[in-house]
Amino acid sequence: MTEKERIELAELLFPNITKTREEYEKMYPERNLPEGAMVTRYGPSPTGSVHLGNLLSAFADMVYAKQTKGSFFLRIEDTDQKRKIDGGIENITSILHDFDILPTEGYSFGGNYGPYIQSERTEIYQTYIKDLIVKGLAYPCFMTEEEQNNIKEEQAINKTKIGIYGMYAVDRDLSLEEVKEKLANNEEYVIRLKSPGNANNQIEVIDCIKGKMKFPEHDMDTVLLKKDGTPTYHFAHAIDDHLMHTTHVIRGDEWVSSIPLHIQLFEILGFEPVKYAHIAPITIKDQETGNIRKISKRKDPWFGAKYYEENGIPIEALHLYLATITNTNFEEWYLDNTDKDISEFEFSFDKQAIGGTSFDEAKLMNLCKTYFSRKRGEEVYNETYQWSLKHDEEYAKLLENNREDMIKFFDIEKDGPRPRKDIAKYSDVKEEFSYAIDSMFESEFYSKYEGEKTYDIELIKEYVEEINLDTTNEEWFNATKEFASTHGYAASPKDYKKNPDDYKGHVGDICEAIRVMITGRTKSPDLFSIMKILGKDRINNRIELYRKYSNG
RNA sequence: GGCCUGUUGGUGAAGUGGCUUAACACACUGCCCUCUCAAGGCAGCAUUCACGGAUUCGAAUUCCGUACAGGCUACCA
């Protein structure tokens, strides 16, 4: 076809497209950002639930944009109308809010490079397609599904590469007359790329994460525009990321095979190439087969984003986990810098794992514990209260009524460099601090305590009478030792071990007795702190309660 | 079938030709500290980096095969 014929063809195919690509280029000017700023984007399809892997890539988009003072935008990629589900878009935006992974611009977040939803950009895509047809770089293809299947079968038998390329791209060189005829017959068509590539040539690509990769040049006449006039992912990616001035495309590993195509598209469209960063998928070693597989909605509960909210895993702790799989050196940094925030860590692509990242639930839990250990009582209270309001109203009310006490309990052993690490989730708090609230303690005392030992109630009553709670931990313990030795108990377990027959027991036995009576368990955080918060009256009440229960 | 990518302990992983007798973290085990637990300290846990060759004075690191795993090979993203 001559250029004149191609112009005629383009007009024939897209009579309603009147703008030129130059006009669009003007509507999407360069961004005014500092040197080195990254522009990233999260481009989900509203086809189902958001899962950990999606969250991971969005998280990476966010941190890289943030730390370079760039921009991170949300673009809804809804070009496949068939797979679209109701509420899919709302689901995406609400999850980004829930997980505090917030774009700086994009769909529902505003910005000057919209519309940020592909179904509203059809005219733009078609404008560029029209131009490509004029240039002879794209063409209408009228092949039926059946024809394509036949080609596929033939290729399978001949063991050659499967797809529409070279000699198989039969509609490539249709004459204008032939096209007109097919159009007149109402034959359906798609627009395909007229790939200028040769698979015998090698291209080298540098991925920000994976490094150097070699591919054969792309030579397939890939579909650019579907028969309903909407673009395929590939074409929309090229157009949108060019116009929106994305600098780094951070996306899942499953896209690496498309790199040659994408590079070719940028080339023939005359666009400046973007940088790619392909993130390895989050995988899991299957318990049954032992094989590595992608996480699955059905088998892995933590796959879905809802899991974290429902189980009371703090969002900030999940961020910590995402950070540890985003950059392998993050964890060490976090452990070394007890007083710093995630935002102070400098993420970098070359510290990103290349192979598949496996989900490690035990590690997540440990990170959660570390997270809680660094929070003071008041913060633990506030966050747990907020979570309980949504998931356990009854407990929320109890927290509210015991606010002062709870903050003190949550603050036990939080001073110093070695804070307690016993809570991993908001949902652990109720159980872990069951002794903190009188009404809960009274109703649950028996179910919690399973020991069979009996303790000398009178001795403990006498001890409580004598002991001074208004003092330091050290003095209290000295006084307790003193009490022990004047009542026939060894002041230290070591003494007792040397001559067990000389004593009724040792100071630890006395502590254990009090502990069981006031907390209902043999293990607890610092005993003196608990005694102090409760005060003598409540301690005595609990001792009486113990007396009642131990007498049957 | 073709094209890519990956494979280091119980787990997540560091490692980019010699400071590696393979870091760190999680888990586990033992000891210490200690009124219990948590935390913390110490020690143990891969004589070896999927396997086989090659290059090199020297390889977990480079190259070539093999096996296994994952991805792509859609008018899905």
# chains A, B, ... in the order shown; residues from 1 in each chain; ligands from 1
>>> interface_residues(of="chain A", to="chain B", cutoff="7 Å", atoms="only C-alpha atoms (C1' of nucleotides)", output="PyMOL selection string")
chain A and resi 45+156+159-162+190+223+226-227+233+254+257+292+332+355+360+362-363+418-422+507-508+511-512+522-525
>>> write_last_selection(atoms="C-alpha atoms", output="PDB file, in the first residue's frame")
ATOM      1  CA  SER A  45      -7.526  -4.734  36.805  1.00  0.00           C
ATOM      2  CA  ALA A 156       2.444 -27.321  16.778  1.00  0.00           C
ATOM      3  CA  LYS A 159       7.257 -27.678  16.153  1.00  0.00           C
ATOM      4  CA  THR A 160       7.798 -24.078  15.289  1.00  0.00           C
ATOM      5  CA  LYS A 161       7.018 -21.018  17.289  1.00  0.00           C
ATOM      6  CA  ILE A 162       3.312 -20.495  17.807  1.00  0.00           C
ATOM      7  CA  VAL A 190      -8.529  -6.423  14.975  1.00  0.00           C
ATOM      8  CA  VAL A 223      -2.951  -7.582  18.580  1.00  0.00           C
ATOM      9  CA  LYS A 226      -9.286  -5.741  19.923  1.00  0.00           C
ATOM     10  CA  LYS A 227     -12.290  -6.049  17.703  1.00  0.00           C
ATOM     11  CA  TYR A 233      -2.611  -4.443  27.801  1.00  0.00           C
ATOM     12  CA  GLU A 254       4.900 -12.639  34.625  1.00  0.00           C
ATOM     13  CA  SER A 257       8.423 -12.307  28.432  1.00  0.00           C
ATOM     14  CA  ILE A 292       6.918 -24.125  44.765  1.00  0.00           C
ATOM     15  CA  GLU A 332      18.836  -6.085  59.450  1.00  0.00           C
ATOM     16  CA  GLY A 355      14.208 -15.420  42.604  1.00  0.00           C
ATOM     17  CA  ASP A 360       7.170 -16.837  55.717  1.00  0.00           C
ATOM     18  CA  ALA A 362       6.601 -17.189  61.232  1.00  0.00           C
ATOM     19  CA  LYS A 363       8.709 -14.257  60.178  1.00  0.00           C
ATOM     20  CA  ARG A 418      14.914  -5.117  75.720  1.00  0.00           C
ATOM     21  CA  PRO A 419      11.187  -4.584  75.641  1.00  0.00           C
ATOM     22  CA  ARG A 420       8.771  -7.477  75.997  1.00  0.00           C
ATOM     23  CA  LYS A 421       7.725  -9.289  72.867  1.00  0.00           C
ATOM     24  CA  ASP A 422       4.585 -11.176  73.624  1.00  0.00           C
ATOM     25  CA  VAL A 507      11.384 -17.071  97.133  1.00  0.00           C
ATOM     26  CA  GLY A 508      10.245 -18.141  93.684  1.00  0.00           C
ATOM     27  CA  CYS A 511       6.177 -15.306  93.844  1.00  0.00           C
ATOM     28  CA  GLU A 512       4.516 -18.149  92.024  1.00  0.00           C
ATOM     29  CA  THR A 522       2.127 -19.400  86.400  1.00  0.00           C
ATOM     30  CA  LYS A 523       3.660 -17.186  83.773  1.00  0.00           C
ATOM     31  CA  SER A 524       3.233 -13.467  83.487  1.00  0.00           C
ATOM     32  CA  PRO A 525       5.069 -10.222  82.887  1.00  0.00           C
TER      33      PRO A 525
END
>>> residues_around(residues="Gln148 (chain A)", least_positions_apart="5", cutoff="9 Å", atoms="only C-alpha atoms (C1' of nucleotides)", output="PyMOL selection string")
chain A and resi 143+153+163-164
>>> residues_around(residues="Ile209 (chain A)", least_positions_apart="3", cutoff="8 Å", atoms="only C-alpha atoms (C1' of nucleotides)", output="list in words")
Ala277, His278, Ile279, Phe349, Asp350, Gln352, Ala353 and Ile354 of chain A
>>> residues_around(residues="A46 (chain B)", least_positions_apart="6", cutoff="9 Å", atoms="only C-alpha atoms (C1' of nucleotides)", output="ChimeraX atom specification")
/B:8-9,22
>>> select_by_dssp(residues="region 360-539 of chain A", states="helix (DSSP H, G or I)", output="number ranges by chain")
A: 361-373, 377-391, 393-401, 403-410, 426-432, 438-448, 457-466, 473-486, 493-498, 500-502, 507-519, 527-539
>>> atom_distance(atom1="CA of Gly535 (chain A)", atom2="CA of Phe410 (chain A)")
16.6 Å
>>> residues_around(residues="region 477-493 of chain A", least_positions_apart="6", cutoff="8 Å", atoms="only C-alpha atoms (C1' of nucleotides)", output="PDB file with N, CA and C atoms, in the first residue's frame")
ATOM      1  N   TYR A 463       1.905 -11.803 103.635  1.00  0.00           N
ATOM      2  CA  TYR A 463       2.913 -11.165 102.797  1.00  0.00           C
ATOM      3  C   TYR A 463       2.368  -9.861 102.197  1.00  0.00           C
ATOM      4  N   ILE A 467       3.977  -6.177 102.649  1.00  0.00           N
ATOM      5  CA  ILE A 467       4.819  -5.649 101.571  1.00  0.00           C
ATOM      6  C   ILE A 467       4.459  -4.204 101.205  1.00  0.00           C
ATOM      7  N   TYR A 503      14.502 -26.047 103.883  1.00  0.00           N
ATOM      8  CA  TYR A 503      13.499 -24.999 103.605  1.00  0.00           C
ATOM      9  C   TYR A 503      12.148 -25.580 103.205  1.00  0.00           C
ATOM     10  N   LYS A 504      11.139 -24.717 103.331  1.00  0.00           N
ATOM     11  CA  LYS A 504       9.824 -25.113 102.833  1.00  0.00           C
ATOM     12  C   LYS A 504       9.734 -24.911 101.321  1.00  0.00           C
ATOM     13  N   GLY A 505      10.623 -24.053 100.857  1.00  0.00           N
ATOM     14  CA  GLY A 505      10.640 -23.717  99.432  1.00  0.00           C
ATOM     15  C   GLY A 505      11.564 -22.534  99.255  1.00  0.00           C
ATOM     16  N   HIS A 506      11.424 -21.814  98.155  1.00  0.00           N
ATOM     17  CA  HIS A 506      12.268 -20.623  98.005  1.00  0.00           C
ATOM     18  C   HIS A 506      11.433 -19.439  97.546  1.00  0.00           C
ATOM     19  N   VAL A 507      12.095 -18.326  97.429  1.00  0.00           N
ATOM     20  CA  VAL A 507      11.384 -17.071  97.133  1.00  0.00           C
ATOM     21  C   VAL A 507      10.531 -17.180  95.873  1.00  0.00           C
ATOM     22  N   GLY A 508      11.002 -17.960  94.928  1.00  0.00           N
ATOM     23  CA  GLY A 508      10.245 -18.141  93.684  1.00  0.00           C
ATOM     24  C   GLY A 508       8.893 -18.788  93.925  1.00  0.00           C
ATOM     25  N   ILE A 510       7.060 -18.359  96.525  1.00  0.00           N
ATOM     26  CA  ILE A 510       6.158 -17.328  97.033  1.00  0.00           C
ATOM     27  C   ILE A 510       5.646 -16.472  95.879  1.00  0.00           C
TER      28      ILE A 510
END
>>> atom_distance(atom1="CA of Phe266 (chain A)", atom2="CA of Thr122 (chain A)")
18.5 Å
>>> atom_distance(atom1="CA of Val179 (chain A)", atom2="CA of Arg21 (chain A)")
24.6 Å
>>> residues_around(residues="Glu344 (chain A)", least_positions_apart="2", cutoff="12 Å", atoms="only C-alpha atoms (C1' of nucleotides)", output="PDB file with C-alpha atoms, in the first residue's frame")
ATOM      1  CA  VAL A  63       8.302   3.734  48.570  1.00  0.00           C
ATOM      2  CA  LYS A  66       8.260   8.694  47.996  1.00  0.00           C
ATOM      3  CA  GLN A  67      11.960   8.489  48.593  1.00  0.00           C
ATOM      4  CA  ALA A 323       9.708  -3.965  53.230  1.00  0.00           C
ATOM      5  CA  PHE A 330      15.777  -4.069  55.346  1.00  0.00           C
ATOM      6  CA  TRP A 333      18.531  -2.331  59.257  1.00  0.00           C
ATOM      7  CA  TYR A 334      15.265  -2.372  61.157  1.00  0.00           C
ATOM      8  CA  ASN A 337      17.712   0.977  64.201  1.00  0.00           C
ATOM      9  CA  THR A 338      15.216   0.568  66.988  1.00  0.00           C
ATOM     10  CA  ASP A 339      14.134   4.194  66.924  1.00  0.00           C
ATOM     11  CA  LYS A 340      13.730   4.728  63.206  1.00  0.00           C
ATOM     12  CA  ASP A 341      10.739   4.634  60.913  1.00  0.00           C
ATOM     13  CA  ILE A 342      10.425   2.700  57.643  1.00  0.00           C
ATOM     14  CA  GLU A 346      16.630   3.814  51.593  1.00  0.00           C
ATOM     15  CA  PHE A 347      15.206   1.206  49.273  1.00  0.00           C
TER      16      PHE A 347
END
